[in-house]
file coords_38.txt (compact mmCIF, C-alpha atoms)
# COMPACT_ATOMS: atom_id res chain seq x y z
CA MET V 26 211.30 158.83 70.13
CA LYS V 27 210.55 155.74 68.03
CA SER V 28 212.78 152.66 67.93
CA PHE V 29 213.96 151.76 64.42
CA GLY V 30 215.80 148.54 63.62
CA PHE V 31 217.73 147.42 60.57
CA SER V 32 220.38 144.82 59.86
CA PRO V 33 224.14 145.31 59.44
CA CYS V 34 224.03 143.87 55.91
CA PRO V 35 225.19 146.20 53.11
CA ASN V 36 221.76 146.31 51.45
CA ASP V 37 220.32 147.77 54.68
CA THR V 38 223.20 150.01 55.68
CA ILE V 39 223.27 151.74 52.30
CA ILE V 40 219.50 152.30 52.52
CA PHE V 41 219.56 153.72 56.05
CA TYR V 42 222.94 155.48 56.10
CA ALA V 43 221.48 158.94 55.45
CA LEU V 44 218.61 158.42 57.88
CA ALA V 45 220.78 157.05 60.70
CA SER V 46 223.33 159.83 60.09
CA LYS V 47 220.56 162.47 60.18
CA ILE V 48 221.42 163.64 56.69
CA VAL V 49 217.73 163.26 55.88
CA ASN V 50 215.16 163.91 58.55
CA LYS V 51 211.63 165.14 59.08
CA GLN V 52 210.48 167.49 61.77
CA GLY V 53 208.55 165.71 64.49
CA LEU V 54 210.18 162.31 63.90
CA ASP V 55 213.05 161.15 66.08
CA PHE V 56 214.48 157.63 66.02
CA GLU V 57 216.57 155.46 68.29
CA PHE V 58 218.34 153.08 65.91
CA LYS V 59 219.12 149.45 66.64
CA ILE V 60 221.40 147.63 64.22
CA ASP V 61 221.25 143.87 64.66
CA ASP V 62 220.84 140.64 62.72
CA VAL V 63 217.42 140.15 61.21
CA GLU V 64 216.45 137.21 63.42
CA THR V 65 217.03 139.35 66.51
CA LEU V 66 214.86 142.05 64.94
CA ASN V 67 212.23 139.43 64.07
CA THR V 68 212.12 138.40 67.71
CA LEU V 69 211.83 141.99 68.95
CA ALA V 70 208.93 142.58 66.59
CA MET V 71 207.25 139.38 67.79
CA LYS V 72 207.34 140.89 71.28
CA GLN V 73 206.16 144.25 69.86
CA ALA V 74 209.31 145.69 71.42
CA ILE V 75 210.27 147.83 68.40
CA ASP V 76 208.28 150.47 66.51
CA VAL V 77 209.77 150.29 63.01
CA SER V 78 212.04 147.51 61.83
CA LYS V 79 213.46 145.41 59.07
CA VAL V 80 212.02 141.91 59.43
CA SER V 81 211.91 138.76 57.36
CA CYS V 82 208.79 138.40 55.23
CA HIS V 83 208.19 135.10 57.03
CA ALA V 84 208.12 137.00 60.33
CA TYR V 85 205.70 139.52 58.84
CA CYS V 86 203.26 136.70 58.12
CA ARG V 87 203.08 136.31 61.92
CA LEU V 88 203.01 140.06 62.61
CA SER V 89 200.41 141.37 60.16
CA ASN V 90 197.75 142.00 62.83
CA ASP V 91 199.91 144.59 64.57
CA TYR V 92 202.40 145.82 61.97
CA GLN V 93 202.01 147.39 58.53
CA PHE V 94 204.39 146.33 55.76
CA LEU V 95 205.92 149.41 54.14
CA LYS V 96 206.16 149.76 50.38
CA CYS V 97 209.87 150.68 50.42
CA GLY V 98 213.12 149.52 52.00
CA GLY V 99 212.55 145.81 51.43
CA ALA V 100 214.58 143.00 49.87
CA PHE V 101 212.65 141.53 46.95
CA GLY V 102 214.02 140.31 43.67
CA ARG V 103 214.93 137.55 41.29
CA GLY V 104 218.06 135.43 41.39
CA CYS V 105 218.70 136.38 45.01
CA GLY V 106 217.22 133.55 47.07
CA PRO V 107 218.78 131.31 49.74
CA LEU V 108 221.06 128.45 48.67
CA ILE V 109 221.39 124.94 50.06
CA VAL V 110 225.08 124.02 50.17
CA SER V 111 227.03 120.90 51.05
CA LYS V 112 230.65 119.89 51.44
CA ASN V 113 230.10 116.85 49.23
CA THR V 114 228.25 116.93 45.94
CA ASN V 115 226.88 113.42 46.52
CA THR V 116 225.11 114.33 49.79
CA VAL V 117 221.50 113.15 49.64
CA ILE V 118 218.60 115.07 51.17
CA ASN V 119 216.33 112.84 53.26
CA GLU V 120 214.62 112.77 56.67
CA LYS V 121 217.95 112.12 58.40
CA THR V 122 219.87 114.95 56.75
CA ILE V 123 220.90 117.57 59.32
CA ILE V 124 220.62 121.03 57.79
CA ALA V 125 222.11 124.15 59.37
CA ALA V 126 219.68 127.01 58.88
CA PRO V 127 219.39 130.65 59.92
CA GLY V 128 216.76 131.63 62.48
CA LYS V 129 213.37 129.94 62.34
CA TYR V 130 211.55 133.20 61.55
CA THR V 131 213.69 133.97 58.48
CA THR V 132 212.11 133.70 55.06
CA ALA V 133 214.91 131.30 54.15
CA ALA V 134 213.75 128.86 56.85
CA LEU V 135 210.15 129.03 55.59
CA LEU V 136 211.23 128.49 51.99
CA LEU V 137 213.30 125.52 53.09
CA LEU V 138 210.27 123.89 54.71
CA MET V 139 208.21 124.48 51.55
CA TYR V 140 210.94 123.17 49.26
CA LEU V 141 211.70 120.02 51.28
CA GLU V 142 208.05 119.03 51.41
CA SER V 143 207.35 119.84 47.76
CA GLU V 144 210.48 118.34 46.18
CA HIS V 145 211.52 115.63 48.67
CA GLY V 146 208.34 114.79 50.58
CA ILE V 147 209.98 115.73 53.90
CA LYS V 148 207.51 117.25 56.36
CA THR V 149 209.64 117.15 59.51
CA PRO V 150 213.24 117.90 58.49
CA LYS V 151 216.14 117.95 60.94
CA LEU V 152 217.01 121.63 61.11
CA LEU V 153 219.66 123.11 63.36
CA HIS V 154 219.02 126.85 63.64
CA MET V 155 221.98 129.17 64.23
CA PRO V 156 223.15 132.71 63.34
CA PHE V 157 223.40 133.00 59.55
CA ASN V 158 227.14 133.73 59.66
CA GLU V 159 227.84 130.38 61.37
CA VAL V 160 226.10 128.18 58.81
CA MET V 161 228.96 127.76 56.34
CA SER V 162 231.50 126.91 59.05
CA SER V 163 229.11 124.33 60.46
CA VAL V 164 228.95 122.52 57.13
CA ALA V 165 232.66 122.94 56.36
CA GLN V 166 233.55 121.42 59.76
CA ASN V 167 231.15 118.47 59.22
CA LYS V 168 228.96 119.49 62.13
CA THR V 169 225.96 119.41 59.79
CA ASP V 170 225.30 117.70 56.46
CA MET V 171 224.04 120.74 54.60
CA GLY V 172 223.53 124.42 55.17
CA LEU V 173 221.07 127.08 54.10
CA ILE V 174 222.94 130.29 53.32
CA ILE V 175 221.76 133.86 52.89
CA HIS V 176 223.22 137.37 52.56
CA GLU V 177 226.96 137.50 51.69
CA GLY V 178 227.15 133.71 51.80
CA ARG V 179 225.95 133.61 48.20
CA PHE V 180 229.29 135.11 47.16
CA THR V 181 231.68 133.35 49.53
CA TYR V 182 230.52 129.74 50.07
CA ASN V 183 233.08 128.36 47.61
CA GLN V 184 235.83 129.75 49.85
CA TYR V 185 234.65 127.22 52.45
CA GLY V 186 234.93 124.35 49.96
CA LEU V 187 231.14 124.11 49.66
CA HIS V 188 228.95 123.31 46.68
CA MET V 189 225.49 124.58 45.82
CA MET V 190 222.89 121.80 45.92
CA ALA V 191 219.72 123.85 45.36
CA ASP V 192 218.71 127.47 44.75
CA LEU V 193 215.49 128.15 46.65
CA GLY V 194 215.03 131.49 44.91
CA SER V 195 214.97 129.78 41.51
CA TRP V 196 212.59 127.16 42.91
CA TRP V 197 210.23 129.88 44.20
CA GLU V 198 210.30 131.76 40.89
CA LYS V 199 209.44 128.60 38.92
CA GLU V 200 206.64 127.79 41.38
CA THR V 201 205.06 131.25 41.42
CA ASN V 202 206.47 133.35 38.55
CA LEU V 203 206.95 136.07 41.18
CA PRO V 204 209.99 137.75 42.73
CA ILE V 205 211.15 136.28 46.01
CA PRO V 206 210.01 138.31 49.05
CA LEU V 207 212.88 138.06 51.51
CA GLY V 208 212.43 140.96 53.91
CA GLY V 209 210.91 144.36 54.40
CA ILE V 210 210.26 147.24 56.76
CA VAL V 211 207.29 147.09 59.10
CA ALA V 212 205.81 149.75 61.37
CA LYS V 213 203.40 149.40 64.24
CA LYS V 214 199.93 150.25 63.03
CA ASN V 215 199.23 152.22 66.19
CA ILE V 216 201.77 154.92 65.35
CA GLY V 217 199.28 156.19 62.80
CA SER V 218 198.98 156.42 59.03
CA GLY V 219 200.48 159.92 58.89
CA ALA V 220 203.67 158.89 60.68
CA ILE V 221 203.92 155.73 58.56
CA SER V 222 203.64 157.78 55.37
CA ASP V 223 206.37 160.14 56.62
CA ILE V 224 208.62 157.17 57.43
CA GLU V 225 208.16 155.74 53.94
CA GLU V 226 209.12 159.11 52.46
CA LEU V 227 212.25 159.26 54.64
CA ILE V 228 213.32 155.74 53.67
CA GLN V 229 213.01 156.57 49.97
CA LYS V 230 215.03 159.76 50.42
CA SER V 231 217.68 157.92 52.44
CA LEU V 232 217.92 155.17 49.82
CA ARG V 233 218.38 157.64 46.98
CA TYR V 234 221.03 159.52 48.94
CA GLY V 235 222.96 156.35 49.75
CA LEU V 236 222.98 155.18 46.15
CA ASN V 237 224.00 158.61 44.86
CA ASN V 238 226.75 159.01 47.48
CA ARG V 239 228.06 155.47 47.70
CA GLN V 240 231.67 156.32 48.58
CA GLU V 241 230.52 158.59 51.38
CA ALA V 242 228.32 155.80 52.75
CA MET V 243 231.03 153.12 52.43
CA LYS V 244 232.65 153.75 55.82
CA PHE V 245 229.27 153.28 57.53
CA ILE V 246 228.62 150.14 55.47
CA LYS V 247 232.03 148.61 56.26
CA ASN V 248 231.70 149.38 59.96
CA HIS V 249 228.84 146.87 60.08
CA ALA V 250 229.53 144.39 57.27
CA GLN V 251 230.47 140.73 57.84
CA GLU V 252 232.55 140.72 54.67
CA LEU V 253 234.78 143.76 54.03
CA LYS V 254 235.88 143.16 50.44
CA ASP V 255 234.62 145.96 48.21
CA SER V 256 233.69 143.48 45.48
CA VAL V 257 231.50 141.43 47.84
CA ILE V 258 229.84 144.54 49.26
CA GLU V 259 229.11 145.89 45.78
CA SER V 260 227.74 142.51 44.63
CA HIS V 261 225.55 142.34 47.72
CA ILE V 262 224.10 145.82 47.15
CA LYS V 263 223.57 145.19 43.44
CA LEU V 264 221.70 141.96 44.12
CA TYR V 265 219.41 143.08 46.95
CA VAL V 266 218.87 146.81 46.28
CA ASN V 267 216.71 147.29 43.20
CA ASP V 268 213.48 148.84 41.94
CA TYR V 269 211.47 146.80 44.45
CA THR V 270 213.46 148.43 47.26
CA LEU V 271 212.22 151.88 46.29
CA ASP V 272 208.65 150.64 45.84
CA MET V 273 207.65 146.98 45.91
CA GLY V 274 204.68 147.74 43.63
CA ASP V 275 201.92 145.35 42.66
CA GLU V 276 204.28 142.50 41.83
CA GLY V 277 206.02 142.72 45.19
CA ALA V 278 202.67 142.85 46.98
CA ALA V 279 201.55 139.77 45.06
CA ALA V 280 204.73 137.92 46.07
CA LEU V 281 204.19 138.82 49.74
CA HIS V 282 200.57 137.67 49.53
CA GLU V 283 201.63 134.36 47.97
CA LEU V 284 204.20 133.74 50.69
CA ASP V 285 201.60 134.50 53.36
CA LYS V 286 199.11 132.13 51.74
CA ARG V 287 201.62 129.29 51.66
CA PHE V 288 202.73 130.03 55.23
CA ARG V 289 199.15 129.74 56.46
CA ARG V 290 198.73 126.46 54.60
CA ILE V 291 201.75 125.03 56.45
CA LYS V 292 200.56 126.48 59.76
CA GLU V 293 197.12 124.90 59.35
CA ALA V 294 198.66 121.53 58.48
CA ASP V 295 200.81 121.68 61.63
CA GLN V 296 197.74 122.30 63.78
CA LYS V 297 195.84 119.28 62.51

call {"tool": "encode", "arguments": {"input": "coords_38.txt", "output": "structure tokens"}}
result
Amino acid sequence: MKSFGFSPCPNDTIIFYALASKIVNKQGLDFEFKIDDVETLNTLAMKQAIDVSKVSCHAYCRLSNDYQFLKCGGAFGRGCGPLIVSKNTNTVINEKTIIAAPGKYTTAALLLLMYLESEHGIKTPKLLHMPFNEVMSSVAQNKTDMGLIIHEGRFTYNQYGLHMMADLGSWWEKETNLPIPLGGIVAKKNIGSGAISDIEELIQKSLRYGLNNRQEAMKFIKNHAQELKDSVIESHIKLYVNDYTLDMGDEGAAALHELDKRFRRIKEADQK
């Protein structure tokens, strides 16, 4: 039995509903599913404690020796990147600004480091890492100056009285002319190319089933979602589940390569 992790976010639960519910299956493959936030899954993969998992693309940059990035099931796109938000529109970003950010292995955290150095000349920002669903409250309660939000936060930050200060997805797209590579599915290389190919096929079948039977999948989605409003769930799925999810293609591969290249540039600079 292989361990298989994915997040409770609607874009993942609609993809993996049919697979986790054994509506689609393949003889010879049996999975033990773990549904947890992506930073927890990132950490498990870092320890090689999970066979197949959703991870942040930033985490994959650190995992590529042992894990293969699958062509399907990922979160790539345009207009879907992390946002920097603040309670006050006149908040200035500088070396003293305390920014609440999701886990340090998230792609959002890596993009933030790139953005702050490129646009503000800040190489050692003051980041306070926390679970992604605590970021907006931290800013709203003045515990931090700014926050970096992901997932459903894109649709609900105004309910916390927050204002968008920067869109890191738009920044990335202007910098690279590529879609933003947020996350994807990885599999241990040692499980073999045949098993990996079978898993990719199952993910594509599960995705198609979830999209074609959305109302059937909705109970499963809502059982795990942070935000239960149908409109937010639908907006989330529409934004993060797209053609790249079925197959990231050459453009998605180029985006992942570009992120990895920039990650290694930062890593080398830190080691000097």

call {"tool": "atom_distance", "arguments": {"input": "coords_38.txt", "atom1": "atom CA of V:Asp55", "atom2": "atom CA of V:Gly99"}}
result
21.2 Å

call {"tool": "closest_residue", "arguments": {"input": "coords_38.txt", "among": "V:Thr38, V:Ser256, V:Asn248, V:Thr114", "to": "V:Leu236", "atoms": "all atoms listed in the file"}}
result
V:Thr38

call {"tool": "atom_distance", "arguments": {"input": "coords_38.txt", "atom1": "atom CA of V:Ile123", "atom2": "atom CA of V:Met161"}}
result
13.3 Å

call {"tool": "residues_around", "arguments": {"input": "coords_38.txt", "residues": "V:Asn50", "least_positions_apart": "5", "cutoff": "9 Å", "atoms": "all atoms listed in the file", "output": "ChimeraX atom specification"}}
result
/V:43-44,55,227,231

call {"tool": "residues_around", "arguments": {"input": "coords_38.txt", "residues": "stretch 141-151 of chain V", "least_positions_apart": "5", "cutoff": "12 Å", "atoms": "only C-alpha atoms", "output": "JSON, numbers by chain"}}
result
{"V": [109, 117, 118, 119, 120, 121, 122, 123, 124, 125, 126, 134, 135, 136, 169, 170, 171, 172, 191, 193, 196, 197, 200, 287, 291, 294, 295]}

call {"tool": "atom_distance", "arguments": {"input": "coords_38.txt", "atom1": "atom CA of V:Gly53", "atom2": "atom CA of V:Val80"}}
result
24.6 Å

call {"tool": "residues_around", "arguments": {"input": "coords_38.txt", "residues": "V:Glu226", "least_positions_apart": "2", "cutoff": "12 Å", "atoms": "only C-alpha atoms", "output": "list of chain:residue names"}}
result
V:Leu44, V:Val49, V:Asn50, V:Lys51, V:Leu54, V:Leu95, V:Lys96, V:Cys97, V:Gly98, V:Gly219, V:Ala220, V:Ile221, V:Ser222, V:Asp223, V:Ile224, V:Ile228, V:Gln229, V:Lys230, V:Ser231, V:Leu232, V:Arg233, V:Leu271, V:Asp272

call {"tool": "write_last_selection", "arguments": {"input": "coords_38.txt", "atoms": "C-alpha atoms", "output": "PDB file, in the frame of the given file"}}
result
ATOM      1  CA  LEU V  44     218.610 158.420  57.880  1.00  0.00           C
ATOM      2  CA  VAL V  49     217.730 163.260  55.880  1.00  0.00           C
ATOM      3  CA  ASN V  50     215.160 163.910  58.550  1.00  0.00           C
ATOM      4  CA  LYS V  51     211.630 165.140  59.080  1.00  0.00           C
ATOM      5  CA  LEU V  54     210.180 162.310  63.900  1.00  0.00           C
ATOM      6  CA  LEU V  95     205.920 149.410  54.140  1.00  0.00           C
ATOM      7  CA  LYS V  96     206.160 149.760  50.380  1.00  0.00           C
ATOM      8  CA  CYS V  97     209.870 150.680  50.420  1.00  0.00           C
ATOM      9  CA  GLY V  98     213.120 149.520  52.000  1.00  0.00           C
ATOM     10  CA  GLY V 219     200.480 159.920  58.890  1.00  0.00           C
ATOM     11  CA  ALA V 220     203.670 158.890  60.680  1.00  0.00           C
ATOM     12  CA  ILE V 221     203.920 155.730  58.560  1.00  0.00           C
ATOM     13  CA  SER V 222     203.640 157.780  55.370  1.00  0.00           C
ATOM     14  CA  ASP V 223     206.370 160.140  56.620  1.00  0.00           C
ATOM     15  CA  ILE V 224     208.620 157.170  57.430  1.00  0.00           C
ATOM     16  CA  ILE V 228     213.320 155.740  53.670  1.00  0.00           C
ATOM     17  CA  GLN V 229     213.010 156.570  49.970  1.00  0.00           C
ATOM     18  CA  LYS V 230     215.030 159.760  50.420  1.00  0.00           C
ATOM     19  CA  SER V 231     217.680 157.920  52.440  1.00  0.00           C
ATOM     20  CA  LEU V 232     217.920 155.170  49.820  1.00  0.00           C
ATOM     21  CA  ARG V 233     218.380 157.640  46.980  1.00  0.00           C
ATOM     22  CA  LEU V 271     212.220 151.880  46.290  1.00  0.00           C
ATOM     23  CA  ASP V 272     208.650 150.640  45.840  1.00  0.00           C
TER      24      ASP V 272
END

call {"tool": "residues_near_point", "arguments": {"input": "coords_38.txt", "point": "(199.0, 152.2, 63.1)", "cutoff": "12 Å", "atoms": "only C-alpha atoms", "output": "VMD selection string"}}
result
chain V and resid 76 to 77 89 to 95 211 to 222

call {"tool": "decode", "arguments": {"input": "coords_38.txt", "residues": "stretch 176-191 of chain V", "atoms": "N, CA and C atoms", "output": "compact mmCIF listing (two decimals), in the first residue's frame"}}
result
# COMPACT_ATOMS: atom_id res chain seq x y z
N HIS V 176 -4.65 30.37 -1.47
CA HIS V 176 -5.87 29.58 -1.45
C HIS V 176 -7.13 30.48 -1.40
N GLU V 177 -8.08 30.14 -0.51
CA GLU V 177 -9.35 30.86 -0.46
C GLU V 177 -9.19 32.32 -0.03
N GLY V 178 -8.04 32.64 0.56
CA GLY V 178 -7.81 34.00 1.02
C GLY V 178 -7.95 35.03 -0.08
N ARG V 179 -7.69 34.62 -1.31
CA ARG V 179 -7.83 35.55 -2.45
C ARG V 179 -9.26 36.09 -2.55
N PHE V 180 -10.22 35.32 -2.08
CA PHE V 180 -11.63 35.69 -2.25
C PHE V 180 -12.25 36.27 -0.99
N THR V 181 -11.53 36.20 0.14
CA THR V 181 -12.16 36.59 1.40
C THR V 181 -11.39 37.64 2.20
N TYR V 182 -10.24 38.11 1.71
CA TYR V 182 -9.43 39.02 2.53
C TYR V 182 -10.14 40.33 2.83
N ASN V 183 -11.02 40.78 1.93
CA ASN V 183 -11.72 42.04 2.19
C ASN V 183 -12.69 41.92 3.36
N GLN V 184 -13.11 40.70 3.68
CA GLN V 184 -13.99 40.49 4.83
C GLN V 184 -13.25 40.73 6.15
N TYR V 185 -11.92 40.73 6.09
CA TYR V 185 -11.09 41.00 7.27
C TYR V 185 -10.66 42.47 7.32
N GLY V 186 -11.20 43.27 6.40
CA GLY V 186 -10.81 44.68 6.34
C GLY V 186 -9.41 44.89 5.80
N LEU V 187 -8.95 43.99 4.95
CA LEU V 187 -7.59 44.06 4.42
C LEU V 187 -7.59 44.56 2.98
N HIS V 188 -6.43 45.07 2.57
CA HIS V 188 -6.28 45.62 1.23
C HIS V 188 -5.10 44.95 0.53
N MET V 189 -5.25 44.70 -0.76
CA MET V 189 -4.16 44.11 -1.52
C MET V 189 -3.09 45.16 -1.80
N MET V 190 -1.85 44.80 -1.48
CA MET V 190 -0.71 45.69 -1.70
C MET V 190 0.13 45.26 -2.90
N ALA V 191 0.14 43.97 -3.19
CA ALA V 191 0.90 43.46 -4.33
C ALA V 191 0.37 42.08 -4.71
